[in-house]
Structures are given as C-alpha cells and as structure tokens.
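Visitor: Got upload-v3.cif for you, mmCIF, C-alpha atoms:
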data_data
loop_
_atom_site.label_atom_id
_atom_site.label_comp_id
_atom_site.auth_asym_id
_atom_site.auth_seq_id
_atom_site.Cartn_x
_atom_site.Cartn_y
_atom_site.Cartn_z
CA MET A 784 99.67 135.27 114.42
CA SER A 785 99.49 131.54 115.14
CA PHE A 786 96.53 129.16 115.25
CA ASP A 787 96.92 129.10 119.05
CA SER A 788 95.60 132.66 119.26
CA LEU A 789 92.33 131.97 117.44
CA GLY A 790 90.49 130.22 120.28
CA LEU A 791 90.61 126.67 118.92
CA SER A 792 90.79 123.66 121.22
CA ALA A 793 93.98 121.70 121.88
CA ASP A 794 92.59 118.70 119.99
CA ILE A 795 91.96 120.76 116.86
CA LEU A 796 95.35 122.52 117.14
CA ARG A 797 97.04 119.13 117.44
CA ALA A 798 95.35 117.90 114.24
CA VAL A 799 96.26 121.12 112.42
CA ALA A 800 99.88 120.85 113.53
CA GLU A 801 100.05 117.26 112.33
CA GLN A 802 99.05 118.49 108.88
CA GLY A 803 102.13 120.71 108.94
CA TYR A 804 100.43 124.10 109.28
CA ARG A 805 101.64 126.79 111.68
CA GLU A 806 100.16 130.15 110.70
CA PRO A 807 96.62 130.93 109.51
CA THR A 808 96.06 132.57 106.14
CA PRO A 809 94.37 136.01 105.92
CA VAL A 810 90.92 134.56 105.27
CA GLN A 811 91.33 132.19 108.22
CA ARG A 812 92.43 135.00 110.54
CA GLN A 813 89.33 136.98 109.62
CA ALA A 814 86.71 134.24 109.27
CA ILE A 815 87.47 131.94 112.21
CA PRO A 816 86.68 134.48 114.99
CA VAL A 817 83.44 135.47 113.23
CA VAL A 818 82.26 131.86 112.98
CA LEU A 819 83.28 131.12 116.57
CA ALA A 820 81.18 134.08 117.69
CA GLY A 821 78.13 132.52 116.06
CA ARG A 822 77.72 135.27 113.46
CA ASP A 823 76.56 134.76 109.88
CA LEU A 824 79.38 135.27 107.39
CA LEU A 825 79.68 136.39 103.77
CA ALA A 826 83.22 135.68 102.62
CA SER A 827 84.89 136.29 99.28
CA ALA A 828 88.22 134.57 98.80
CA GLN A 829 89.92 133.50 95.61
CA THR A 830 90.91 129.88 95.21
CA GLY A 831 93.99 128.71 97.09
CA THR A 832 93.58 131.10 100.03
CA GLY A 833 92.69 128.48 102.63
CA LYS A 834 88.99 129.25 102.87
CA THR A 835 88.04 125.62 103.55
CA ALA A 836 89.81 125.65 106.90
CA GLY A 837 88.31 129.09 107.44
CA PHE A 838 84.96 127.44 108.05
CA THR A 839 85.82 123.83 108.97
CA LEU A 840 88.02 124.66 111.97
CA PRO A 841 85.55 126.96 113.79
CA LEU A 842 82.65 124.72 112.78
CA LEU A 843 84.36 121.76 114.48
CA GLN A 844 85.13 123.93 117.51
CA ARG A 845 81.50 124.96 117.91
CA LEU A 846 80.09 121.45 117.52
CA SER A 847 82.65 119.83 119.85
CA THR A 848 82.08 122.34 122.66
CA SER A 849 78.27 122.11 122.55
CA PRO A 850 77.42 118.42 122.24
CA VAL A 851 73.84 117.29 121.75
CA ALA A 852 72.20 116.36 125.02
CA ALA A 853 69.61 113.99 123.57
CA LYS A 854 70.50 110.33 123.29
CA GLY A 855 69.93 108.18 120.23
CA ARG A 856 71.07 108.60 116.65
CA ARG A 857 73.29 111.61 116.03
CA PRO A 858 71.43 114.34 114.13
CA VAL A 859 73.03 116.25 111.28
CA ARG A 860 74.19 119.45 113.00
CA ALA A 861 76.31 120.98 110.24
CA LEU A 862 75.58 120.87 106.51
CA ILE A 863 78.21 121.86 103.94
CA LEU A 864 76.92 122.21 100.37
CA THR A 865 79.38 122.15 97.47
CA PRO A 866 78.78 122.25 93.70
CA THR A 867 80.91 119.29 92.61
CA ARG A 868 81.98 115.89 93.72
CA GLU A 869 85.68 116.81 93.67
CA LEU A 870 85.15 119.73 96.00
CA ALA A 871 82.88 117.69 98.28
CA ALA A 872 85.58 115.03 98.58
CA GLN A 873 88.23 117.64 99.34
CA VAL A 874 86.14 119.36 102.01
CA GLY A 875 85.23 115.99 103.53
CA GLU A 876 88.89 115.04 103.69
CA ASN A 877 89.70 118.27 105.52
CA VAL A 878 86.86 117.73 107.99
CA ARG A 879 88.17 114.26 108.76
CA ASP A 880 91.75 115.46 109.12
CA TYR A 881 90.91 118.27 111.54
CA SER A 882 88.35 116.27 113.58
CA LYS A 883 90.79 113.40 114.10
CA TYR A 884 90.81 113.83 117.88
CA LEU A 885 87.18 114.89 118.28
CA ASN A 886 84.11 112.80 118.97
CA LEU A 887 82.42 113.91 115.76
CA ARG A 888 81.31 111.89 112.75
CA SER A 889 81.26 113.22 109.20
CA LEU A 890 80.08 111.89 105.84
CA VAL A 891 80.39 112.99 102.21
CA VAL A 892 77.52 112.27 99.79
CA PHE A 893 77.33 112.95 96.05
CA GLY A 894 75.79 111.57 92.89
CA GLY A 895 77.33 109.32 90.28
CA VAL A 896 77.74 106.46 92.76
CA SER A 897 75.31 104.13 94.50
CA ILE A 898 73.05 105.84 97.00
CA ASN A 899 72.57 102.76 99.21
CA PRO A 900 75.92 102.84 101.06
CA GLN A 901 75.37 106.52 101.78
CA MET A 902 71.92 105.75 103.20
CA MET A 903 73.39 103.03 105.41
CA LYS A 904 76.01 105.39 106.85
CA LEU A 905 73.40 108.07 107.50
CA ARG A 906 71.36 105.58 109.52
CA GLY A 907 74.30 105.33 111.91
CA GLY A 908 74.12 109.07 112.54
CA VAL A 909 76.52 111.82 111.47
CA ASP A 910 77.28 115.25 112.92
CA ILE A 911 78.65 116.87 109.76
CA LEU A 912 77.31 116.20 106.28
CA VAL A 913 79.16 117.37 103.17
CA ALA A 914 76.94 117.10 100.10
CA THR A 915 76.23 118.10 96.54
CA PRO A 916 72.71 119.52 96.15
CA GLY A 917 71.18 116.87 93.88
CA ARG A 918 72.21 113.84 95.90
CA LEU A 919 71.23 115.53 99.14
CA LEU A 920 67.70 116.06 97.83
CA ASP A 921 67.58 112.44 96.64
CA LEU A 922 68.37 111.37 100.21
CA VAL A 923 65.79 113.78 101.65
CA HIS A 924 63.09 112.45 99.30
CA GLN A 925 63.87 108.90 100.43
CA ASN A 926 63.64 109.97 104.09
CA ALA A 927 67.26 108.91 104.55
CA VAL A 928 68.36 112.20 106.12
CA ASP A 929 66.75 114.61 108.57
CA LEU A 930 67.89 118.23 108.29
CA SER A 931 65.60 119.63 110.98
CA GLN A 932 68.38 119.96 113.56
CA VAL A 933 71.06 121.63 111.43
CA GLU A 934 72.80 124.34 113.44
CA ILE A 935 75.32 125.53 110.85
CA LEU A 936 74.88 125.77 107.07
CA VAL A 937 77.84 126.37 104.76
CA LEU A 938 77.43 127.20 101.08
CA ASP A 939 80.88 126.67 99.58
CA GLU A 940 81.72 127.94 96.09
CA ALA A 941 78.28 129.56 96.05
CA ASP A 942 78.99 131.40 92.79
CA ARG A 943 79.74 128.12 91.03
CA MET A 944 76.55 126.58 92.38
CA LEU A 945 74.55 129.43 90.89
CA ASP A 946 76.44 129.15 87.61
CA MET A 947 75.57 125.46 87.43
CA GLY A 948 71.87 126.11 87.96
CA PHE A 949 71.59 124.80 91.52
CA ILE A 950 69.64 127.79 92.87
CA HIS A 951 66.34 125.88 92.87
CA ASP A 952 67.93 122.92 94.64
CA ILE A 953 69.44 125.27 97.21
CA ARG A 954 66.00 126.75 97.88
CA ARG A 955 64.55 123.26 98.34
CA VAL A 956 67.29 122.42 100.83
CA LEU A 957 66.77 125.67 102.73
CA ALA A 958 63.09 124.80 103.12
CA LYS A 959 64.12 121.64 105.02
CA LEU A 960 66.33 123.48 107.52
CA PRO A 961 65.30 125.05 110.83
CA PRO A 962 64.87 128.83 110.59
CA LYS A 963 67.25 129.45 113.47
CA ARG A 964 70.78 128.53 112.38
CA GLN A 965 74.17 130.01 111.52
CA ASN A 966 74.79 130.60 107.81
CA LEU A 967 78.20 130.84 106.14
CA LEU A 968 78.45 131.74 102.45
CA PHE A 969 81.79 131.46 100.66
CA SER A 970 82.26 132.66 97.10
CA ALA A 971 85.17 133.48 94.82
CA THR A 972 83.29 136.51 93.51
CA PHE A 973 80.61 138.89 94.78
CA SER A 974 78.30 138.98 91.77
CA ASP A 975 74.89 140.60 91.90
CA GLU A 976 73.32 137.14 92.11
CA ILE A 977 75.48 136.27 95.11
CA LYS A 978 74.51 139.51 96.82
CA THR A 979 70.82 138.73 96.22
CA LEU A 980 71.24 135.23 97.67
CA ALA A 981 73.15 136.61 100.65
CA GLU A 982 70.43 139.15 101.41
CA LYS A 983 67.84 136.37 101.61
CA LEU A 984 70.00 133.82 103.39
CA LEU A 985 72.17 135.72 105.85
CA HIS A 986 71.11 137.62 108.96
CA ASN A 987 73.21 140.69 109.78
CA PRO A 988 76.36 139.02 108.41
CA GLU A 989 79.99 139.95 108.82
CA SER A 990 81.75 140.39 105.47
CA VAL A 991 85.24 139.14 104.72
CA GLU A 992 86.92 139.92 101.41
CA VAL A 993 90.57 138.96 101.11
CA ALA A 994 91.00 139.49 97.37
CA ARG A 995 89.95 142.18 94.97
CA ARG A 996 86.80 141.34 93.06
CA ASN A 997 87.38 138.79 90.29
CA THR A 998 91.18 139.03 90.45
CA ALA A 999 93.69 136.38 89.54
CA SER A 1000 96.33 135.41 92.06
CA GLU A 1001 99.24 137.83 92.01
CA GLN A 1002 101.54 134.86 92.57
CA VAL A 1003 100.78 133.58 89.07
CA SER A 1004 102.72 135.01 86.13
CA GLN A 1005 100.42 135.23 83.10
CA HIS A 1006 101.29 135.30 79.41
CA VAL A 1007 99.49 134.98 76.10
CA HIS A 1008 100.98 133.46 72.94
CA LEU A 1009 99.10 134.30 69.75
CA VAL A 1010 99.23 131.22 67.52
CA ASP A 1011 97.20 129.62 64.75
CA LYS A 1012 94.63 127.10 65.95
CA LYS A 1013 96.19 124.25 63.93
CA ARG A 1014 99.62 124.85 65.46
CA LYS A 1015 98.63 124.98 69.15
CA ARG A 1016 99.47 121.35 69.85
CA GLU A 1017 102.81 121.65 68.07
CA LEU A 1018 103.68 124.76 70.11
CA LEU A 1019 102.61 123.14 73.37
CA SER A 1020 104.78 120.08 72.73
CA TYR A 1021 107.68 122.34 71.80
CA LEU A 1022 107.44 124.35 75.03
CA ILE A 1023 107.12 121.25 77.20
CA GLY A 1024 110.23 119.79 75.60
CA ARG A 1025 112.28 122.98 75.38
CA ASP A 1026 111.71 124.04 78.98
CA ASN A 1027 111.50 120.47 80.37
CA TRP A 1028 108.13 121.02 82.03
CA GLN A 1029 107.44 118.01 84.23
CA GLN A 1030 103.95 118.86 85.50
CA VAL A 1031 101.49 120.80 83.34
CA LEU A 1032 97.72 121.15 83.75
CA VAL A 1033 96.16 121.94 80.34
CA PHE A 1034 92.58 123.16 79.89
CA THR A 1035 90.40 122.48 76.84
CA ARG A 1036 86.76 123.45 76.23
CA THR A 1037 85.36 120.01 75.49
CA LYS A 1038 85.70 116.43 76.62
CA HIS A 1039 86.43 115.31 73.07
CA GLY A 1040 89.11 117.99 72.77
CA ALA A 1041 90.72 116.84 76.02
CA ASN A 1042 90.85 113.22 74.83
CA HIS A 1043 92.22 114.18 71.42
CA LEU A 1044 94.94 116.45 72.83
CA ALA A 1045 96.10 113.84 75.36
CA GLU A 1046 96.32 111.30 72.54
CA GLN A 1047 98.28 113.70 70.30
CA LEU A 1048 100.72 114.60 73.09
CA GLY A 1049 101.32 110.90 73.60
CA LYS A 1050 102.27 110.59 69.95
CA ASP A 1051 104.75 113.42 70.52
CA GLY A 1052 106.39 111.35 73.23
CA ILE A 1053 104.87 113.32 76.13
CA THR A 1054 103.03 111.24 78.75
CA ALA A 1055 99.51 112.65 79.15
CA ALA A 1056 96.02 111.74 80.34
CA ALA A 1057 92.62 113.42 80.14
CA ILE A 1058 90.22 114.02 83.02
CA HIS A 1059 86.57 115.06 82.60
CA GLY A 1060 83.02 114.14 83.52
CA ASN A 1061 82.68 111.25 81.07
CA LYS A 1062 85.69 109.39 82.44
CA SER A 1063 85.03 106.46 84.74
CA GLN A 1064 85.82 106.71 88.42
CA GLY A 1065 88.83 104.46 88.04
CA ALA A 1066 90.22 106.34 85.04
CA ARG A 1067 89.93 109.73 86.73
CA THR A 1068 91.44 108.50 89.98
CA ARG A 1069 94.37 106.89 88.16
CA ALA A 1070 95.01 109.92 85.96
CA LEU A 1071 95.08 112.30 88.91
CA ALA A 1072 97.27 109.98 90.99
CA ASP A 1073 99.71 109.51 88.10
CA PHE A 1074 99.87 113.26 87.56
CA LYS A 1075 100.57 113.99 91.22
CA SER A 1076 103.24 111.29 91.45
CA GLY A 1077 105.00 112.33 88.25
CA GLY A 1078 103.93 109.25 86.31
CA ILE A 1079 102.52 111.51 83.60
CA ARG A 1080 103.69 115.02 82.69
CA VAL A 1081 100.46 116.49 81.34
CA LEU A 1082 96.92 116.35 82.67
CA VAL A 1083 94.41 117.63 80.11
CA ALA A 1084 91.18 118.76 81.75
CA THR A 1085 87.87 120.40 81.04
CA ASP A 1086 86.55 122.89 83.57
CA ILE A 1087 85.62 120.08 85.95
CA ALA A 1088 89.13 120.64 87.33
CA ALA A 1089 88.80 124.40 87.66
CA ARG A 1090 87.36 124.04 91.16
CA GLY A 1091 88.12 121.50 93.84
CA LEU A 1092 91.29 120.18 92.20
CA ASP A 1093 94.24 120.85 94.49
CA ILE A 1094 97.67 119.76 93.29
CA GLU A 1095 100.65 120.50 95.48
CA GLU A 1096 102.92 123.21 94.06
CA LEU A 1097 101.63 122.88 90.51
CA PRO A 1098 104.09 124.93 88.42
CA HIS A 1099 102.31 125.32 85.05
CA VAL A 1100 98.76 125.85 83.79
CA VAL A 1101 98.10 126.17 80.06
CA ASN A 1102 94.85 127.41 78.55
CA TYR A 1103 94.96 125.41 75.32
CA GLU A 1104 91.59 127.01 74.58
CA LEU A 1105 90.25 130.06 76.37
CA PRO A 1106 87.07 129.59 78.41
CA ASN A 1107 83.89 131.21 77.17
CA VAL A 1108 83.18 132.67 80.61
CA PRO A 1109 85.88 135.15 81.74
CA GLU A 1110 85.60 134.19 85.42
CA ASP A 1111 86.54 130.63 84.50
CA TYR A 1112 89.95 131.92 83.42
CA VAL A 1113 90.57 133.08 87.01
CA HIS A 1114 89.49 129.72 88.41
CA ARG A 1115 91.64 127.82 85.91
CA ILE A 1116 94.88 129.65 86.55
CA GLY A 1117 94.14 129.54 90.28
CA ARG A 1118 95.18 125.88 90.19
CA THR A 1119 98.77 127.18 90.34
CA GLY A 1120 100.23 129.82 92.64
CA ARG A 1121 98.31 128.40 95.61
CA ALA A 1122 99.18 129.38 99.18
CA ALA A 1123 102.86 130.42 99.28
CA ALA A 1124 103.77 128.86 95.95
CA THR A 1125 104.29 130.67 92.66
CA GLY A 1126 103.26 129.47 89.23
CA ALA A 1127 102.98 130.30 85.56
CA ALA A 1128 99.90 130.43 83.35
CA LEU A 1129 100.14 130.48 79.56
CA SER A 1130 97.22 130.94 77.17
CA LEU A 1131 97.49 129.80 73.54
CA VAL A 1132 95.15 132.14 71.68
CA CYS A 1133 94.09 131.83 68.06
CA VAL A 1134 92.32 134.49 66.00
CA ASP A 1135 88.91 132.96 66.83
CA GLU A 1136 89.49 133.70 70.54
CA HIS A 1137 90.45 137.37 70.41
CA LYS A 1138 87.07 138.47 71.76
CA LEU A 1139 87.31 135.96 74.61
CA LEU A 1140 90.75 137.34 75.44
CA ARG A 1141 89.43 140.92 75.48
CA ASP A 1142 86.64 139.85 77.85
CA ILE A 1143 89.16 138.24 80.21
CA GLU A 1144 91.40 141.30 80.19
CA ARG A 1145 88.39 143.52 80.85
CA LEU A 1146 87.60 141.39 83.91
CA LEU A 1147 91.21 141.54 85.11
CA LYS A 1148 91.33 145.28 84.33
CA ARG A 1149 94.69 144.87 82.65
CA GLU A 1150 96.31 143.47 79.56
CA ILE A 1151 97.96 140.06 79.80
CA PRO A 1152 101.55 140.29 78.48
CA ARG A 1153 102.15 138.78 75.05
CA MET A 1154 105.05 136.50 74.30
CA ALA A 1155 106.29 135.24 70.94
CA ILE A 1156 108.40 132.29 69.83
CA ALA A 1157 110.09 132.46 66.46
CA GLY A 1158 108.47 130.17 63.95
CA TYR A 1159 105.07 130.15 65.65
CA GLU A 1160 103.78 133.57 64.63
CA PRO A 1161 100.10 133.59 63.58
CA ASP A 1162 99.29 133.77 59.87
CA PRO A 1163 97.70 137.24 59.35
CA SER A 1164 95.69 135.97 56.38
CA ILE A 1165 93.61 133.59 58.54
CA ARG A 1166 90.19 135.03 59.36
CA ALA A 1167 88.32 134.46 62.59
CA GLU A 1168 85.60 131.81 62.59
CA PRO A 1169 82.78 131.23 65.10
CA ILE A 1170 83.83 128.92 67.91
CA GLN A 1171 82.18 125.58 67.36
CA ASN A 1172 80.25 123.27 69.74
CA GLY A 1173 77.84 126.06 70.68
CA ARG A 1174 80.16 127.89 73.04
CA GLN A 1175 79.04 131.29 71.79
CA GLN A 1176 75.28 130.91 71.53
CA PRO A 1177 74.07 133.84 73.63
CA SER A 1178 70.54 132.52 74.02
CA ARG A 1179 71.74 129.56 76.06
CA GLY A 1180 72.83 131.72 78.98
CA ARG A 1181 76.12 132.37 80.72
CA GLY A 1182 78.48 129.43 80.45
CA ALA A 1183 75.98 127.32 78.57
CA GLY A 1184 76.19 125.67 75.20
CA ASN A 1185 79.21 123.46 75.72
CA GLY A 1186 77.83 120.74 73.53
CA GLN A 1187 77.88 118.33 76.40
CA GLY A 1188 74.45 118.57 77.96
CA ARG A 1189 73.69 118.98 81.61
CA PRO A 1190 74.81 116.74 84.49
CA GLN A 1191 73.51 113.25 83.88
CA GLY A 1192 73.74 112.31 87.53
CA ASP A 1193 71.64 115.21 88.76
CA ARG A 1194 68.64 115.85 86.57
CA ARG A 1195 67.56 118.83 88.63
CA ALA A 1196 70.51 120.96 87.54
CA ALA A 1197 69.50 123.72 85.13
CA PRO A 1198 71.38 123.97 81.85
CA ARG A 1199 73.69 126.78 82.97
CA GLN A 1200 76.54 124.33 82.76
CA HIS A 1201 80.23 124.92 82.20
CA SER A 1202 82.32 122.87 79.78
CA GLY A 1203 83.14 119.50 81.23
CA TYR A 1204 81.61 120.28 84.60
CA ALA A 1205 79.94 117.12 85.79
CA GLY A 1206 78.14 118.43 88.84
CA ASP A 1207 76.78 115.44 90.74
CA ASN A 1208 77.79 113.25 87.82
CA ALA A 1209 81.47 113.38 88.79
CA ARG A 1210 82.89 109.89 88.82
CA SER A 1211 85.90 109.76 91.08
CA ARG A 1212 86.69 110.59 94.62
CA ARG A 1213 89.88 112.57 94.87
CA PRO A 1214 92.05 112.52 98.00
CA ALA A 1215 92.79 116.04 99.15
CA ALA A 1216 96.31 117.23 98.53
CA LYS A 1217 98.34 118.12 101.60
CA LYS A 1218 100.79 120.85 102.50
CA GLN A 1219 99.56 123.20 99.79
CA GLY A 1220 98.48 125.90 102.18
CA ILE A 1221 95.92 124.74 104.64
CA ALA A 1222 92.82 123.41 102.88
#
Would you write the structure of this file as structure tokens?

Guide:
Amino acid sequence: MSFDSLGLSADILRAVAEQGYREPTPVQRQAIPVVLAGRDLLASAQTGTGKTAGFTLPLLQRLSTSPVAAKGRRPVRALILTPTRELAAQVGENVRDYSKYLNLRSLVVFGGVSINPQMMKLRGGVDILVATPGRLLDLVHQNAVDLSQVEILVLDEADRMLDMGFIHDIRRVLAKLPPKRQNLLFSATFSDEIKTLAEKLLHNPESVEVARRNTASEQVSQHVHLVDKKRKRELLSYLIGRDNWQQVLVFTRTKHGANHLAEQLGKDGITAAAIHGNKSQGARTRALADFKSGGIRVLVATDIAARGLDIEELPHVVNYELPNVPEDYVHRIGRTGRAAATGAALSLVCVDEHKLLRDIERLLKREIPRMAIAGYEPDPSIRAEPIQNGRQQPSRGRGAGNGQGRPQGDRRAAPRQHSGYAGDNARSRRPAAKKQGIA
C-alpha cells in the first residue's frame, strides 16, 4: 500500500514524498482512514511506529478541505495536547513539514520560555495549536487563546500525561472545548486509567492497536549484565571501547547521576554530555545536536528523553540504572529499533535492582537474556540495599519520589512525576529527526 491510496490530497502527498517516505506504517494504514471519516479514535501504538503522522496527515486533510467560511482572525480548529516540550516540538515540526503546501498556520506553545511571543503569534490566528497542558491553560486564563471553535482534539502520549498528573489540566481544557468535535486519543499502553478516560472522552470510537499491550519493540535485542553498582561505569567504558560504540544513549535515574556519569566518562576519554530538565535551553540543544552529528559518543539522559526524543538509527541504548516504573523500560529502549531500523538495549543491573528487573520481565512476560563478561562478575557477598533518592517510597504513587520535585514550569502538575521529566519546564526546542520512519 502507498500513501496515494489513503485519500490524501496531492499537496500533502508531495510534502510526504519530499520527506522521503513512500509507504505508510501499520498504524498509519489503520488510523488515517478512520480520522478522514470523522470518527473518534482510540489508538495504541508503541513508540517509533509512526503514530504522529497517523493523526497529523488526516487532520491536515480534513482542515484543508473544509476551510472556515467566516472572515477575520483564524480560529484554532485543531488542538494537539502533548505531555512534554520535546514531544510538542517534534509534533509541531511534523505538522509544519506536511502542511508545507497548504494554506494552514500552526503554532507550538509550551512552558519554560516567555509566554509573550506565543501570545503575539496567537493574535495573528492559527489553525492548528500544539501545546503542553500547563502553558495552554496559562494562555486561556490570559484570554490569549479561544478554544470554542476546535473541531479536532488530539491527546498524544495520553498515558504519559496521566502519569505526570495532567488529568486535572486535561479536564480543564476539555471544559473550554465545544461539545461537538472529533477526538483522537493515542497511547503507548491501554491501562485501566486510559480506558476510563477514553470512555468519557470518545464517542463510539474505532480502536487501533498495532502492538501487543506493553511490549518492547521486537526489533530491539535486549540483554542484562549483572554487575556490582560500583563497577557499572567501568564496565560501560569497557564496552564502549571494546566494541567501538559511536552513538550510545544512556539512562540514569537522577539528574545528578546523569551529570556525574557524563563527567566520569569524559575522564575515561569518552566524549559525553548529559541532558535533563535542569539543563539550560542552550546546553540541551547543543548536547542533542552534538550527539546526532557524532560530536559526542554518549548522551546521558534522565527519563525526559524516554518520550519525544527521536534520533535517526540510534544503535545502542544502555540502562545504567533500571527505571522504577516497568513501563518506562519499554519507552527507554524504544529510542532504538525505530521504524525499519534494529538496535540493541543493554541493562546494567546491580543487586539492589533485582526486584525492578523482575517487575520489568513480568511486564514483558519473558526473561531478558543475561550476558557476562569475564572480570565483571558481581560479588555474591554484597547485600541489596534500598535504592536511594526516594525511588521506592510506595506512598508517593507510581513513578513518584525521584528526589527532583515536580515540574517547576507548570505548577498545576501533580506529583506523579518520572525521574528527570520536566513537563512544561523543558528548556530546549528539539528539531525533529528525519528519515527515521515517518514521524
């Protein structure tokens, strides 16, 4: 099947072709006709499957073929809500790429930057608004945006928005929208909370599920290396040097841990940089650009990079520390093996993390193969200790207790916050990567 057979206009097909894409992915083949038909949609697709184009392409088709008759300032006709700044920037980039030959205006708004330029652009009128929940409500409260004429609502990464405590913000936004509209909900998983939200939000929706529930990409080879906590950095440096890894995304639990590991790798002669919510806009932009261009070999990240970070043909992901939330493991390793590419994910697991590993394997419904390197076997005399920085305090809720507080740039976010996730406090705008499977 080609894009030509999906009922998209010549102008959209031309823009898609210029991006180098020829055939739609499974989620696009299923979702695009549903959206074009005006139906509500509940779609589950794991990261890297091309879901962004699954809603942006038909959304652009619908808006471009039914222009607003009234004259004056363009009303917001499509609203796309995303949980993080990185994802908002990526979606906005895709909207701009695919609407290149259409008479449609789009704008991305998020926290962590000045609100005034965003207000100025809204005054000029936009057809498609991509937004994080907190900043959108700030704009609504300042009467800078009118949502009363929204025709299409998209909730992207809905499960992550719920995890980050945005459910109350979502409800406030919904109250500002007209009751008659098309609703599209995209989620990596179909949790009970997502099903509850879908029942309230969607009207007689079509369901699209292109991946088994909570599964990791089958294009990613996964391995675990059991190693003492104090020898993880030594082992990582050894593997990078032995196998000549040139591009490695490494996940840590905390911002401090990311900074410390990047510094230590540098001392080992391995070029590295850290990226997380406390980094300035300039530092995050430079680190990501250097990583993509090959200027640095290792990018050390907290879970801010687990969603919305798209790096072309990333070959290696390393879990230097396992995430406290099993689903985050799936999102992390989903940074590699995207679209038609393959990748490798390695987890360095110390005795403290054995329970976290069991939880991940229970989610995956299989055991992750173990590997061993001579000289790096764990010391059997070392006893497990509680994981520090509050990551295992059950009273704080799922994914909470990362020792980093909640998003500073969006005070409405509840404390169900993942390690390093900045929410609307993200500081850099990331250009979307191209040719890594459409959107």

Visitor: Smallest atom-to-atom distance to Glu982 in chain A: which of A:Glu940, A:Arg812, A:Leu825, A:Leu1147, using all atoms listed in the file?

Guide: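 When distances to Glu982 in chain A are compared using all atoms listed in the file, the smallest one comes from A:Leu825.
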
Visitor: The PyMOL selection byres ((chain A and resi 1011-1023) around 10) - which residues does that actually catch in the file I just gave you? List them as a PyMOL selection string.

Guide: chain A and resi 1008-1010+1024-1031+1033+1044-1045+1047-1049+1051-1053+1080-1081+1101+1103-1104+1129+1131-1136+1156+1158-1163+1165

Visitor: In terms of the shortest atom-to-atom distance over all atoms listed in the file, which of A:Asn926, A:Gln965, A:Ser827, A:Asn899 is closest to Gln813 in chain A?

Guide: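 The answer is A:Ser827, which sits nearest to Gln813 in chain A.
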
Visitor: Determine, counting only C-alpha atoms, which protein, DNA and RNA residues have an atom within 8 Å of an atom of Ala828 in chain A; residues of the same chain fewer than 3 positions away are not included. Present the result as a ChimeraX atom specification.

Guide: /A:810,832,834,969-972,992-994

Visitor: Report, in Å with one decimal, the straight-line distance from CA of Leu819 in chain A to CA of Pro841 in chain A.

Guide: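 These two atoms are separated by 5.5 Å.
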
Visitor: Please identify all polymer residues within 6 Å of Thr865 in chain A, counting all atoms listed in the file, omitting same-chain residues fewer than 2 positions from it, and present them as a list in words.

Guide: Thr867, Ala871, Thr915 and Asp939 of chain A

Visitor: For a quick check of understanding, using only C-alpha atoms, which of A:Ala1070, A:Leu984, A:Leu919, A:Val909 has the smallest distance to Pro858 in chain A?

Guide: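 Of all the options, A:Val909 lies closest to Pro858 in chain A.
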
Visitor: CA of Gly837 in chain A and CA of Ser974 in chain A, how far apart in Å?

Guide: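 One can read the CA of Ser974 in chain A to CA of Gly837 in chain A distance as 21.1 Å.
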
Visitor: List the neighbours of Ile795 in chain A out to 9 Å using all atoms listed in the file; skip same-chain residues closer than 5 positions along the sequence, and give me the result as a list in words.

Guide: Ala800, Leu840, Leu843, Gln844, Tyr881, Ser882, Lys883, Tyr884 and Leu885 of chain A

Visitor: What gap, in Å, lies between CA of Ala1072 in chain A and CA of Leu870 in chain A?

Guide: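 Interatomic distance, CA of Ala1072 in chain A to CA of Leu870 in chain A: 16.3 Å.
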
Visitor: Check the smallest atom-to-atom distance from each of A:Val896, A:Ile911, A:Leu842, A:Ala927 to Ile815 in chain A using only C-alpha atoms, then report the winner.

Guide: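 Counting only C-alpha atoms, the residue closest to Ile815 in chain A is A:Leu842.
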
Visitor: Please provide as a list in words all residues within 10 Å of Gly1040 in chain A, with the sequence filter that same-chain residues fewer than 2 positions apart are discarded (counting all atoms listed in the file).

Guide: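 These residues fall inside the cut-off: Phe1034, Thr1035, Arg1036, Thr1037, Lys1038, Asn1042, His1043, Leu1044, Ala1045, Glu1046, Ala1057, Val1083, Ala1084, Thr1085, Tyr1103 and Glu1104 of chain A.
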
Visitor: So what does the PyMOL selection byres ((chain A and resi 1151-1154) around 10) actually pick up in this one, as an MDAnalysis selection string?

Guide: chainID A and resid 1004:1009 1129:1130 1140:1141 1143:1144 1147:1150 1155:1156

Visitor: Check which residues satisfy the PyMOL selection byres ((chain A and resi 822) around 9) in the file shown, then give them as a PDB file with C-alpha atoms, in the coordinates of the input.

Guide:
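Done, and the output landed in part.pdb:
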ATOM      1  CA  VAL A 817      83.440 135.470 113.230  1.00  0.00           C
ATOM      2  CA  VAL A 818      82.260 131.860 112.980  1.00  0.00           C
ATOM      3  CA  LEU A 819      83.280 131.120 116.570  1.00  0.00           C
ATOM      4  CA  ALA A 820      81.180 134.080 117.690  1.00  0.00           C
ATOM      5  CA  GLY A 821      78.130 132.520 116.060  1.00  0.00           C
ATOM      6  CA  ASP A 823      76.560 134.760 109.880  1.00  0.00           C
ATOM      7  CA  LEU A 824      79.380 135.270 107.390  1.00  0.00           C
ATOM      8  CA  GLN A 965      74.170 130.010 111.520  1.00  0.00           C
ATOM      9  CA  ASN A 966      74.790 130.600 107.810  1.00  0.00           C
ATOM     10  CA  LEU A 967      78.200 130.840 106.140  1.00  0.00           C
ATOM     11  CA  HIS A 986      71.110 137.620 108.960  1.00  0.00           C
ATOM     12  CA  ASN A 987      73.210 140.690 109.780  1.00  0.00           C
ATOM     13  CA  PRO A 988      76.360 139.020 108.410  1.00  0.00           C
ATOM     14  CA  GLU A 989      79.990 139.950 108.820  1.00  0.00           C
TER      15      GLU A 989
END

Visitor: So that I can see what lies close to Ile1079 in chain A, please list as a list in words the residues with an atom at most 6 Å from it, counting all atoms listed in the file and leaving out residues fewer than 4 positions away in the same chain.

Guide: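 Here the answer would be Thr1054, Ala1055, Asp1073 and Phe1074 of chain A.
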
Visitor: Between A:Leu1071, A:Ala941, A:Leu864, A:Ile1170, which one has atoms that come closest to Asn1107 in chain A, using only C-alpha atoms?

Guide: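 Result for the nearest residue to Asn1107 in chain A: A:Ile1170.
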